[in-house]
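What follows is the content of model-v3.txt (compact mmCIF, N, CA and C atoms and all ligand atoms).
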# COMPACT_ATOMS: atom_id res chain seq x y z
N MET F 1 -58.30 103.97 109.31
CA MET F 1 -57.62 103.05 108.38
C MET F 1 -58.06 103.36 106.95
N ARG F 2 -59.37 103.55 106.80
CA ARG F 2 -59.87 103.82 105.46
C ARG F 2 -59.29 105.12 104.90
N SER F 3 -59.23 106.14 105.76
CA SER F 3 -58.72 107.42 105.26
C SER F 3 -57.23 107.33 104.95
N PHE F 4 -56.53 106.50 105.73
CA PHE F 4 -55.11 106.30 105.43
C PHE F 4 -54.95 105.65 104.06
N LYS F 5 -55.80 104.65 103.81
CA LYS F 5 -55.73 103.95 102.52
C LYS F 5 -56.03 104.92 101.38
N THR F 6 -57.02 105.77 101.59
CA THR F 6 -57.39 106.73 100.55
C THR F 6 -56.23 107.68 100.29
N LEU F 7 -55.59 108.11 101.37
CA LEU F 7 -54.45 109.01 101.24
C LEU F 7 -53.30 108.31 100.50
N ALA F 8 -53.04 107.06 100.90
CA ALA F 8 -51.96 106.31 100.26
C ALA F 8 -52.25 106.13 98.78
N LEU F 9 -53.50 105.88 98.45
CA LEU F 9 -53.88 105.70 97.05
C LEU F 9 -53.68 107.01 96.28
N ALA F 10 -54.11 108.12 96.88
CA ALA F 10 -53.96 109.42 96.23
C ALA F 10 -52.48 109.72 95.99
N LEU F 11 -51.66 109.41 96.98
CA LEU F 11 -50.22 109.64 96.84
C LEU F 11 -49.64 108.78 95.72
N ALA F 12 -50.06 107.51 95.71
CA ALA F 12 -49.51 106.59 94.71
C ALA F 12 -49.88 107.04 93.30
N LEU F 13 -51.08 107.56 93.15
CA LEU F 13 -51.54 107.93 91.81
C LEU F 13 -50.89 109.22 91.33
N THR F 14 -50.31 109.98 92.24
CA THR F 14 -49.71 111.25 91.84
C THR F 14 -48.18 111.25 92.01
N THR F 15 -47.65 110.07 92.34
CA THR F 15 -46.20 109.98 92.55
C THR F 15 -45.44 110.24 91.25
N PRO F 16 -44.36 111.01 91.30
CA PRO F 16 -43.64 111.34 90.07
C PRO F 16 -42.97 110.14 89.41
N ALA F 17 -42.59 110.34 88.19
CA ALA F 17 -41.97 109.28 87.39
C ALA F 17 -40.75 108.69 88.09
N GLY F 18 -40.59 107.40 87.95
CA GLY F 18 -39.40 106.74 88.48
C GLY F 18 -39.50 106.35 89.93
N ALA F 19 -40.64 106.63 90.56
CA ALA F 19 -40.79 106.31 91.98
C ALA F 19 -40.96 104.81 92.21
N PHE F 20 -41.40 104.10 91.18
CA PHE F 20 -41.55 102.66 91.30
C PHE F 20 -40.57 101.99 90.34
N ALA F 21 -39.95 100.91 90.79
CA ALA F 21 -39.04 100.18 89.92
C ALA F 21 -39.54 98.75 89.76
N ALA F 22 -39.40 98.22 88.57
CA ALA F 22 -39.93 96.90 88.29
C ALA F 22 -39.06 96.17 87.29
N THR F 23 -39.12 94.83 87.36
CA THR F 23 -38.45 93.99 86.36
C THR F 23 -39.51 93.24 85.57
N LEU F 24 -39.46 93.37 84.26
CA LEU F 24 -40.41 92.68 83.39
C LEU F 24 -39.70 91.51 82.72
N HIS F 25 -40.20 90.31 82.99
CA HIS F 25 -39.64 89.09 82.38
C HIS F 25 -40.47 88.73 81.16
N LYS F 26 -39.80 88.66 80.01
CA LYS F 26 -40.54 88.38 78.77
C LYS F 26 -39.85 87.28 77.98
N THR F 27 -40.66 86.68 77.12
CA THR F 27 -40.13 85.72 76.16
C THR F 27 -39.22 86.47 75.20
N PRO F 28 -38.06 85.91 74.85
CA PRO F 28 -37.17 86.62 73.93
C PRO F 28 -37.90 87.06 72.66
N GLY F 29 -37.72 88.33 72.30
CA GLY F 29 -38.30 88.86 71.06
C GLY F 29 -39.74 89.33 71.16
N CYS F 30 -40.34 89.25 72.34
CA CYS F 30 -41.76 89.64 72.47
C CYS F 30 -41.93 91.14 72.30
N GLY F 31 -42.70 91.56 71.31
CA GLY F 31 -42.89 92.98 71.01
C GLY F 31 -43.94 93.65 71.87
N CYS F 32 -45.10 92.98 72.08
CA CYS F 32 -46.15 93.62 72.88
C CYS F 32 -45.71 93.72 74.34
N CYS F 33 -44.81 92.85 74.76
CA CYS F 33 -44.25 92.94 76.13
C CYS F 33 -43.53 94.28 76.27
N GLU F 34 -42.76 94.61 75.24
CA GLU F 34 -41.97 95.86 75.27
C GLU F 34 -42.91 97.08 75.19
N ASP F 35 -44.00 96.94 74.44
CA ASP F 35 -44.98 98.04 74.37
C ASP F 35 -45.65 98.25 75.73
N HIS F 36 -45.88 97.16 76.44
CA HIS F 36 -46.46 97.27 77.79
C HIS F 36 -45.45 97.94 78.73
N ALA F 37 -44.19 97.55 78.62
CA ALA F 37 -43.13 98.17 79.44
C ALA F 37 -43.11 99.68 79.19
N GLU F 38 -43.29 100.07 77.93
CA GLU F 38 -43.26 101.49 77.58
C GLU F 38 -44.47 102.22 78.19
N HIS F 39 -45.63 101.58 78.17
CA HIS F 39 -46.82 102.14 78.82
C HIS F 39 -46.55 102.39 80.31
N LEU F 40 -45.89 101.43 80.95
CA LEU F 40 -45.61 101.57 82.38
C LEU F 40 -44.61 102.70 82.62
N ARG F 41 -43.59 102.78 81.77
CA ARG F 41 -42.58 103.84 81.92
C ARG F 41 -43.22 105.21 81.76
N GLN F 42 -44.12 105.32 80.80
CA GLN F 42 -44.78 106.61 80.57
C GLN F 42 -45.67 107.00 81.74
N ASN F 43 -45.97 106.03 82.60
CA ASN F 43 -46.82 106.30 83.75
C ASN F 43 -46.06 106.18 85.07
N GLY F 44 -44.76 106.41 85.01
CA GLY F 44 -43.99 106.57 86.23
C GLY F 44 -43.44 105.30 86.84
N ILE F 45 -43.47 104.20 86.13
CA ILE F 45 -42.91 102.95 86.66
C ILE F 45 -41.63 102.65 85.87
N ALA F 46 -40.51 102.64 86.56
CA ALA F 46 -39.21 102.43 85.91
C ALA F 46 -39.02 100.94 85.67
N VAL F 47 -39.28 100.51 84.45
CA VAL F 47 -39.26 99.08 84.11
C VAL F 47 -37.96 98.70 83.41
N THR F 48 -37.33 97.67 83.91
CA THR F 48 -36.22 97.04 83.21
C THR F 48 -36.75 95.75 82.62
N SER F 49 -36.64 95.58 81.30
CA SER F 49 -37.14 94.31 80.77
C SER F 49 -35.99 93.35 80.54
N VAL F 50 -36.26 92.08 80.85
CA VAL F 50 -35.27 91.02 80.81
C VAL F 50 -35.85 89.88 79.99
N GLU F 51 -35.04 89.32 79.08
CA GLU F 51 -35.51 88.16 78.33
C GLU F 51 -35.29 86.92 79.19
N SER F 52 -36.38 86.22 79.48
CA SER F 52 -36.32 85.04 80.35
C SER F 52 -36.83 83.83 79.58
N PRO F 53 -35.91 83.00 79.08
CA PRO F 53 -36.32 81.85 78.28
C PRO F 53 -37.16 80.85 79.05
N ASP F 54 -37.02 80.79 80.37
CA ASP F 54 -37.76 79.81 81.15
C ASP F 54 -38.80 80.48 82.05
N LEU F 55 -39.74 81.14 81.41
CA LEU F 55 -40.78 81.87 82.14
C LEU F 55 -41.66 80.92 82.96
N ASP F 56 -41.91 79.72 82.45
CA ASP F 56 -42.79 78.78 83.16
C ASP F 56 -42.22 78.46 84.54
N ARG F 57 -40.93 78.22 84.58
CA ARG F 57 -40.29 77.89 85.85
C ARG F 57 -40.35 79.08 86.81
N LEU F 58 -40.13 80.27 86.26
CA LEU F 58 -40.16 81.50 87.06
C LEU F 58 -41.56 81.71 87.65
N ARG F 59 -42.57 81.47 86.81
CA ARG F 59 -43.95 81.63 87.26
C ARG F 59 -44.28 80.63 88.36
N ALA F 60 -43.86 79.40 88.17
CA ALA F 60 -44.13 78.38 89.18
C ALA F 60 -43.47 78.77 90.50
N ALA F 61 -42.25 79.29 90.42
CA ALA F 61 -41.53 79.70 91.63
C ALA F 61 -42.24 80.86 92.34
N HIS F 62 -43.00 81.65 91.59
CA HIS F 62 -43.71 82.79 92.19
C HIS F 62 -45.17 82.49 92.46
N GLY F 63 -45.58 81.23 92.28
CA GLY F 63 -46.94 80.83 92.62
C GLY F 63 -48.01 81.35 91.69
N VAL F 64 -47.65 81.57 90.43
CA VAL F 64 -48.66 82.01 89.46
C VAL F 64 -49.46 80.79 89.00
N PRO F 65 -50.79 80.79 89.23
CA PRO F 65 -51.60 79.64 88.79
C PRO F 65 -51.59 79.54 87.27
N GLU F 66 -51.61 78.31 86.77
CA GLU F 66 -51.53 78.09 85.32
C GLU F 66 -52.59 78.85 84.54
N GLU F 67 -53.83 78.87 85.10
CA GLU F 67 -54.94 79.50 84.37
C GLU F 67 -54.83 81.02 84.37
N LEU F 68 -53.91 81.56 85.17
CA LEU F 68 -53.75 83.02 85.21
C LEU F 68 -52.47 83.49 84.54
N VAL F 69 -51.87 82.62 83.75
CA VAL F 69 -50.66 83.03 83.04
C VAL F 69 -51.02 84.10 82.02
N GLY F 70 -50.24 85.17 82.03
CA GLY F 70 -50.46 86.26 81.09
C GLY F 70 -49.38 86.28 80.05
N CYS F 71 -49.21 87.42 79.43
CA CYS F 71 -48.26 87.55 78.34
C CYS F 71 -46.82 87.57 78.85
N HIS F 72 -46.62 88.20 79.99
CA HIS F 72 -45.28 88.35 80.54
C HIS F 72 -45.43 88.58 82.04
N MET F 73 -44.34 88.55 82.77
CA MET F 73 -44.40 88.61 84.22
C MET F 73 -43.57 89.76 84.76
N LEU F 74 -44.23 90.57 85.59
CA LEU F 74 -43.57 91.74 86.16
C LEU F 74 -43.36 91.49 87.66
N GLU F 75 -42.17 91.82 88.15
CA GLU F 75 -41.93 91.80 89.59
C GLU F 75 -41.81 93.24 90.04
N ILE F 76 -42.66 93.61 91.01
CA ILE F 76 -42.63 94.99 91.48
C ILE F 76 -42.95 95.05 92.97
N ASP F 77 -42.02 95.53 93.73
CA ASP F 77 -42.23 95.82 95.15
C ASP F 77 -42.85 94.66 95.91
N GLY F 78 -42.35 93.45 95.67
CA GLY F 78 -42.84 92.28 96.40
C GLY F 78 -44.05 91.61 95.79
N TYR F 79 -44.57 92.15 94.69
CA TYR F 79 -45.72 91.55 94.01
C TYR F 79 -45.34 91.05 92.63
N VAL F 80 -46.20 90.14 92.14
CA VAL F 80 -46.08 89.66 90.76
C VAL F 80 -47.28 90.19 89.99
N VAL F 81 -47.03 90.74 88.81
CA VAL F 81 -48.12 91.20 87.96
C VAL F 81 -47.98 90.48 86.62
N GLU F 82 -49.01 89.70 86.26
CA GLU F 82 -49.00 88.93 85.01
C GLU F 82 -49.80 89.68 83.95
N GLY F 83 -49.21 89.82 82.80
CA GLY F 83 -49.97 90.30 81.64
C GLY F 83 -50.06 91.81 81.52
N HIS F 84 -50.97 92.23 80.62
CA HIS F 84 -51.05 93.63 80.20
C HIS F 84 -51.91 94.48 81.15
N VAL F 85 -51.60 94.45 82.43
CA VAL F 85 -52.35 95.22 83.44
C VAL F 85 -51.94 96.68 83.35
N SER F 86 -52.90 97.58 83.50
CA SER F 86 -52.61 99.01 83.37
C SER F 86 -51.78 99.52 84.55
N ALA F 87 -51.04 100.60 84.30
CA ALA F 87 -50.24 101.24 85.35
C ALA F 87 -51.13 101.69 86.50
N ARG F 88 -52.34 102.13 86.15
CA ARG F 88 -53.25 102.61 87.19
C ARG F 88 -53.60 101.49 88.17
N THR F 89 -53.89 100.30 87.64
CA THR F 89 -54.24 99.17 88.52
C THR F 89 -53.02 98.72 89.33
N ILE F 90 -51.84 98.75 88.72
CA ILE F 90 -50.62 98.37 89.44
C ILE F 90 -50.36 99.35 90.59
N LYS F 91 -50.59 100.63 90.35
CA LYS F 91 -50.40 101.62 91.42
C LYS F 91 -51.43 101.43 92.53
N ARG F 92 -52.63 101.02 92.14
CA ARG F 92 -53.65 100.74 93.16
C ARG F 92 -53.18 99.56 94.04
N LEU F 93 -52.63 98.53 93.40
CA LEU F 93 -52.11 97.37 94.13
C LEU F 93 -51.04 97.80 95.13
N LEU F 94 -50.12 98.64 94.68
CA LEU F 94 -49.00 99.06 95.53
C LEU F 94 -49.46 99.98 96.65
N ALA F 95 -50.56 100.69 96.43
CA ALA F 95 -51.08 101.58 97.46
C ALA F 95 -51.87 100.80 98.51
N GLU F 96 -52.66 99.83 98.04
CA GLU F 96 -53.52 99.07 98.95
C GLU F 96 -52.77 97.94 99.63
N ARG F 97 -51.77 97.40 98.98
CA ARG F 97 -50.96 96.30 99.48
C ARG F 97 -51.79 95.17 100.09
N PRO F 98 -52.68 94.56 99.29
CA PRO F 98 -53.46 93.42 99.79
C PRO F 98 -52.54 92.22 100.06
N ALA F 99 -53.01 91.30 100.92
CA ALA F 99 -52.22 90.11 101.27
C ALA F 99 -52.40 89.04 100.19
N VAL F 100 -51.87 89.30 99.03
CA VAL F 100 -51.90 88.34 97.92
C VAL F 100 -50.49 88.29 97.33
N LYS F 101 -50.26 87.28 96.48
CA LYS F 101 -48.95 87.22 95.81
C LYS F 101 -48.90 88.15 94.62
N GLY F 102 -50.04 88.30 93.97
CA GLY F 102 -50.02 89.16 92.79
C GLY F 102 -51.35 89.24 92.11
N ILE F 103 -51.33 89.90 90.95
CA ILE F 103 -52.54 90.06 90.15
C ILE F 103 -52.23 89.69 88.70
N SER F 104 -53.29 89.39 87.96
CA SER F 104 -53.08 88.95 86.59
C SER F 104 -54.25 89.31 85.68
N MET F 105 -53.91 89.68 84.47
CA MET F 105 -54.90 89.69 83.40
C MET F 105 -54.41 88.65 82.39
N PRO F 106 -55.06 87.47 82.40
CA PRO F 106 -54.58 86.39 81.55
C PRO F 106 -54.71 86.72 80.07
N GLY F 107 -53.91 86.06 79.28
CA GLY F 107 -53.99 86.22 77.83
C GLY F 107 -53.47 87.57 77.37
N MET F 108 -53.97 88.01 76.23
CA MET F 108 -53.53 89.28 75.65
C MET F 108 -54.73 90.00 75.08
N PRO F 109 -55.62 90.56 75.94
CA PRO F 109 -56.84 91.18 75.43
C PRO F 109 -56.56 92.37 74.52
N THR F 110 -57.29 92.42 73.40
CA THR F 110 -57.19 93.52 72.45
C THR F 110 -57.53 94.83 73.15
N GLY F 111 -56.73 95.85 72.90
CA GLY F 111 -57.01 97.18 73.43
C GLY F 111 -56.45 97.42 74.83
N SER F 112 -55.83 96.41 75.44
CA SER F 112 -55.22 96.63 76.76
C SER F 112 -53.88 97.33 76.56
N PRO F 113 -53.32 97.93 77.63
CA PRO F 113 -52.06 98.68 77.47
C PRO F 113 -50.96 97.82 76.85
N GLY F 114 -50.42 98.29 75.75
CA GLY F 114 -49.37 97.54 75.06
C GLY F 114 -49.90 96.67 73.93
N MET F 115 -51.23 96.44 73.92
CA MET F 115 -51.85 95.67 72.84
C MET F 115 -52.58 96.65 71.93
N GLY F 116 -52.52 96.43 70.64
CA GLY F 116 -53.21 97.32 69.72
C GLY F 116 -54.69 97.01 69.62
N GLY F 117 -55.38 97.83 68.86
CA GLY F 117 -56.77 97.55 68.54
C GLY F 117 -57.75 98.12 69.54
N PRO F 118 -59.03 98.01 69.19
CA PRO F 118 -60.08 98.54 70.07
C PRO F 118 -60.37 97.59 71.23
N LYS F 119 -60.80 98.17 72.33
CA LYS F 119 -61.21 97.36 73.48
C LYS F 119 -62.60 96.80 73.20
N THR F 120 -62.75 95.49 73.25
CA THR F 120 -64.03 94.89 72.88
C THR F 120 -64.74 94.26 74.07
N GLU F 121 -64.06 94.14 75.21
CA GLU F 121 -64.70 93.54 76.38
C GLU F 121 -64.03 94.09 77.63
N PRO F 122 -64.73 94.01 78.79
CA PRO F 122 -64.12 94.51 80.02
C PRO F 122 -62.86 93.70 80.35
N PHE F 123 -61.89 94.37 80.93
CA PHE F 123 -60.66 93.68 81.35
C PHE F 123 -60.84 93.23 82.80
N VAL F 124 -60.73 91.93 83.02
CA VAL F 124 -60.90 91.39 84.37
C VAL F 124 -59.52 91.06 84.94
N ILE F 125 -59.20 91.69 86.06
CA ILE F 125 -57.91 91.46 86.70
C ILE F 125 -58.14 90.63 87.96
N HIS F 126 -57.46 89.50 88.04
CA HIS F 126 -57.63 88.56 89.14
C HIS F 126 -56.47 88.71 90.12
N SER F 127 -56.75 88.45 91.40
CA SER F 127 -55.66 88.33 92.36
C SER F 127 -55.46 86.85 92.66
N PHE F 128 -54.26 86.50 93.11
CA PHE F 128 -53.98 85.11 93.45
C PHE F 128 -53.02 85.06 94.63
N GLY F 129 -53.02 83.88 95.28
CA GLY F 129 -52.08 83.68 96.40
C GLY F 129 -52.52 84.31 97.70
N GLY F 130 -53.78 84.74 97.80
CA GLY F 130 -54.29 85.28 99.05
C GLY F 130 -54.98 84.19 99.86
N ALA F 131 -55.52 84.55 101.02
CA ALA F 131 -56.18 83.59 101.90
C ALA F 131 -57.37 82.94 101.19
N ASP F 132 -58.04 83.69 100.31
CA ASP F 132 -59.20 83.16 99.59
C ASP F 132 -58.82 82.54 98.26
N GLY F 133 -57.55 82.35 98.03
CA GLY F 133 -57.14 81.83 96.73
C GLY F 133 -57.23 82.91 95.68
N GLN F 134 -58.01 82.65 94.63
CA GLN F 134 -58.16 83.63 93.56
C GLN F 134 -59.42 84.47 93.75
N ALA F 135 -59.35 85.71 93.34
CA ALA F 135 -60.52 86.59 93.43
C ALA F 135 -60.42 87.62 92.32
N VAL F 136 -61.54 88.25 92.01
CA VAL F 136 -61.50 89.35 91.05
C VAL F 136 -61.00 90.58 91.79
N TYR F 137 -59.91 91.18 91.29
CA TYR F 137 -59.35 92.35 91.94
C TYR F 137 -59.94 93.64 91.35
N GLU F 138 -60.12 93.63 90.06
CA GLU F 138 -60.65 94.83 89.41
C GLU F 138 -61.22 94.47 88.04
N VAL F 139 -62.23 95.20 87.64
CA VAL F 139 -62.74 95.11 86.27
C VAL F 139 -62.59 96.49 85.66
N GLU F 140 -61.80 96.57 84.60
CA GLU F 140 -61.56 97.87 83.95
C GLU F 140 -62.35 97.95 82.65
CU CU F 201 -48.50 90.72 75.08
So that I can check it, write out the structure of this file as structure tokens.
Amino acid sequence: MRSFKTLALALALTTPAGAFAATLHKTPGCGCCEDHAEHLRQNGIAVTSVESPDLDRLRAAHGVPEELVGCHMLEIDGYVVEGHVSARTIKRLLAERPAVKGISMPGMPTGSPGMGGPKTEPFVIHSFGGADGQAVYEVE
């Protein structure tokens, strides 16, 4: 099982552009949302961005906890990804396919993909909607 997971992860990290498709829901006019979409596209995730005026309702419908609300919401392959999470971490999620609803990096940390400026602190990515509720999925 472990070797299968390792293989799946290796495949996911080397999959050619366009192999993953995603919808990014953003507040109308959000610029850093679009910069994050561009980061994902450059890393092989085909993102369509959609302006969603009622993001709160959408998040509630997808079980995103209030404290884990990020900048924007991505739907990809049955998962929800909140905020400026890197393409690498998203590909890890899709390769490992944990039993959670999604992952999130709350807020808009400086230096994260799509956000300008230097990185000043570790990026903590949480998972939610799993059997254990919320957990730390990755620290980048
Ligand atoms: Cu943002």
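Here the question is which of F:His36, F:Val81, F:Glu75, F:His25 gets nearest to F:Pro53 using all atoms listed in the file, and that residue is F:His25.
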Test item: residues at most 7 Å from F:Gly107, only N, CA and C atoms, excluding those fewer than 2 positions along its chain, as a ChimeraX atom specification: /F:68-71,83-84,105,109
At what distance in Å, to one decimal, does atom CA of F:Ile90 lie from atom N of F:Leu74?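 Atom-to-atom, atom N of F:Leu74 to atom CA of F:Ile90, that is 10.8 Å.
Nearest-residue note for ligand CU 201 (chain F): choosing from F:Cys32, F:Ala87, F:Ala60, F:Val136, the minimum distance belongs to F:Cys32, counting all atoms listed in the file.
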Mind listing whatever residues come within 6.5 Å of the point (-60.8, 98.0, 82.5)? Use all atoms listed in the file, file coordinates, and give them as a ChimeraX atom specification. /F:122-124,139-140
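Counting from atom CA of F:Leu40, the distance to atom CA of F:Ala21 is 10.1 Å.
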Counting all atoms listed in the file, which of F:Pro113, F:Pro118, F:Pro65, F:Gly133 gets nearest to ligand CU 201 (chain F)? F:Pro113
Nearest to F:Ala46 among F:Leu24, F:Val64, F:Ala135, F:Ala95, with distances taken over all atoms listed in the file: which residue is it?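 So, comparing all the options, the nearest one is F:Leu24.
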Export stretch 81-106 of chain F, N, CA and C atoms, as a PDB file, in the first residue's frame; it's the structure right above.
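This is the output file part21.pdb:
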ATOM      1  N   VAL F  81     -10.357  23.160  -1.797  1.00  0.00           N
ATOM      2  CA  VAL F  81      -9.092  23.742  -1.348  1.00  0.00           C
ATOM      3  C   VAL F  81      -9.336  25.230  -1.110  1.00  0.00           C
ATOM      4  N   GLU F  82      -9.132  25.659   0.139  1.00  0.00           N
ATOM      5  CA  GLU F  82      -9.353  27.063   0.516  1.00  0.00           C
ATOM      6  C   GLU F  82      -8.016  27.799   0.541  1.00  0.00           C
ATOM      7  N   GLY F  83      -7.977  28.928  -0.096  1.00  0.00           N
ATOM      8  CA  GLY F  83      -6.843  29.825   0.061  1.00  0.00           C
ATOM      9  C   GLY F  83      -5.668  29.535  -0.852  1.00  0.00           C
ATOM     10  N   HIS F  84      -4.540  30.193  -0.526  1.00  0.00           N
ATOM     11  CA  HIS F  84      -3.374  30.213  -1.402  1.00  0.00           C
ATOM     12  C   HIS F  84      -2.471  28.987  -1.221  1.00  0.00           C
ATOM     13  N   VAL F  85      -3.032  27.799  -1.319  1.00  0.00           N
ATOM     14  CA  VAL F  85      -2.272  26.552  -1.159  1.00  0.00           C
ATOM     15  C   VAL F  85      -1.464  26.296  -2.429  1.00  0.00           C
ATOM     16  N   SER F  86      -0.243  25.811  -2.266  1.00  0.00           N
ATOM     17  CA  SER F  86       0.624  25.592  -3.433  1.00  0.00           C
ATOM     18  C   SER F  86       0.137  24.421  -4.285  1.00  0.00           C
ATOM     19  N   ALA F  87       0.492  24.457  -5.562  1.00  0.00           N
ATOM     20  CA  ALA F  87       0.153  23.371  -6.488  1.00  0.00           C
ATOM     21  C   ALA F  87       0.745  22.050  -5.997  1.00  0.00           C
ATOM     22  N   ARG F  88       1.932  22.142  -5.407  1.00  0.00           N
ATOM     23  CA  ARG F  88       2.584  20.922  -4.930  1.00  0.00           C
ATOM     24  C   ARG F  88       1.736  20.231  -3.854  1.00  0.00           C
ATOM     25  N   THR F  89       1.215  21.017  -2.912  1.00  0.00           N
ATOM     26  CA  THR F  89       0.401  20.435  -1.840  1.00  0.00           C
ATOM     27  C   THR F  89      -0.927  19.915  -2.396  1.00  0.00           C
ATOM     28  N   ILE F  90      -1.496  20.619  -3.361  1.00  0.00           N
ATOM     29  CA  ILE F  90      -2.753  20.160  -3.969  1.00  0.00           C
ATOM     30  C   ILE F  90      -2.532  18.828  -4.693  1.00  0.00           C
ATOM     31  N   LYS F  91      -1.403  18.699  -5.374  1.00  0.00           N
ATOM     32  CA  LYS F  91      -1.110  17.437  -6.067  1.00  0.00           C
ATOM     33  C   LYS F  91      -0.879  16.309  -5.064  1.00  0.00           C
ATOM     34  N   ARG F  92      -0.286  16.652  -3.924  1.00  0.00           N
ATOM     35  CA  ARG F  92      -0.115  15.637  -2.878  1.00  0.00           C
ATOM     36  C   ARG F  92      -1.490  15.160  -2.393  1.00  0.00           C
ATOM     37  N   LEU F  93      -2.405  16.102  -2.197  1.00  0.00           N
ATOM     38  CA  LEU F  93      -3.773  15.762  -1.771  1.00  0.00           C
ATOM     39  C   LEU F  93      -4.428  14.808  -2.768  1.00  0.00           C
ATOM     40  N   LEU F  94      -4.294  15.126  -4.052  1.00  0.00           N
ATOM     41  CA  LEU F  94      -4.953  14.319  -5.092  1.00  0.00           C
ATOM     42  C   LEU F  94      -4.293  12.954  -5.239  1.00  0.00           C
ATOM     43  N   ALA F  95      -3.019  12.859  -4.890  1.00  0.00           N
ATOM     44  CA  ALA F  95      -2.323  11.576  -4.979  1.00  0.00           C
ATOM     45  C   ALA F  95      -2.660  10.688  -3.778  1.00  0.00           C
ATOM     46  N   GLU F  96      -2.714  11.312  -2.603  1.00  0.00           N
ATOM     47  CA  GLU F  96      -2.951  10.539  -1.377  1.00  0.00           C
ATOM     48  C   GLU F  96      -4.426  10.264  -1.143  1.00  0.00           C
ATOM     49  N   ARG F  97      -5.281  11.147  -1.614  1.00  0.00           N
ATOM     50  CA  ARG F  97      -6.726  11.043  -1.463  1.00  0.00           C
ATOM     51  C   ARG F  97      -7.159  10.664  -0.048  1.00  0.00           C
ATOM     52  N   PRO F  98      -6.808  11.492   0.943  1.00  0.00           N
ATOM     53  CA  PRO F  98      -7.257  11.222   2.315  1.00  0.00           C
ATOM     54  C   PRO F  98      -8.780  11.386   2.420  1.00  0.00           C
ATOM     55  N   ALA F  99      -9.363  10.742   3.454  1.00  0.00           N
ATOM     56  CA  ALA F  99     -10.818  10.810   3.656  1.00  0.00           C
ATOM     57  C   ALA F  99     -11.175  12.102   4.392  1.00  0.00           C
ATOM     58  N   VAL F 100     -11.026  13.209   3.714  1.00  0.00           N
ATOM     59  CA  VAL F 100     -11.390  14.525   4.257  1.00  0.00           C
ATOM     60  C   VAL F 100     -12.172  15.260   3.175  1.00  0.00           C
ATOM     61  N   LYS F 101     -12.815  16.365   3.578  1.00  0.00           N
ATOM     62  CA  LYS F 101     -13.521  17.160   2.568  1.00  0.00           C
ATOM     63  C   LYS F 101     -12.569  18.063   1.813  1.00  0.00           C
ATOM     64  N   GLY F 102     -11.549  18.528   2.522  1.00  0.00           N
ATOM     65  CA  GLY F 102     -10.632  19.427   1.842  1.00  0.00           C
ATOM     66  C   GLY F 102      -9.529  19.911   2.738  1.00  0.00           C
ATOM     67  N   ILE F 103      -8.755  20.854   2.190  1.00  0.00           N
ATOM     68  CA  ILE F 103      -7.645  21.451   2.927  1.00  0.00           C
ATOM     69  C   ILE F 103      -7.724  22.966   2.805  1.00  0.00           C
ATOM     70  N   SER F 104      -7.050  23.641   3.733  1.00  0.00           N
ATOM     71  CA  SER F 104      -7.131  25.096   3.740  1.00  0.00           C
ATOM     72  C   SER F 104      -5.879  25.742   4.305  1.00  0.00           C
ATOM     73  N   MET F 105      -5.505  26.842   3.702  1.00  0.00           N
ATOM     74  CA  MET F 105      -4.571  27.759   4.343  1.00  0.00           C
ATOM     75  C   MET F 105      -5.360  29.047   4.557  1.00  0.00           C
ATOM     76  N   PRO F 106      -5.784  29.280   5.809  1.00  0.00           N
ATOM     77  CA  PRO F 106      -6.640  30.433   6.078  1.00  0.00           C
ATOM     78  C   PRO F 106      -5.918  31.749   5.823  1.00  0.00           C
TER      79      PRO F 106
END
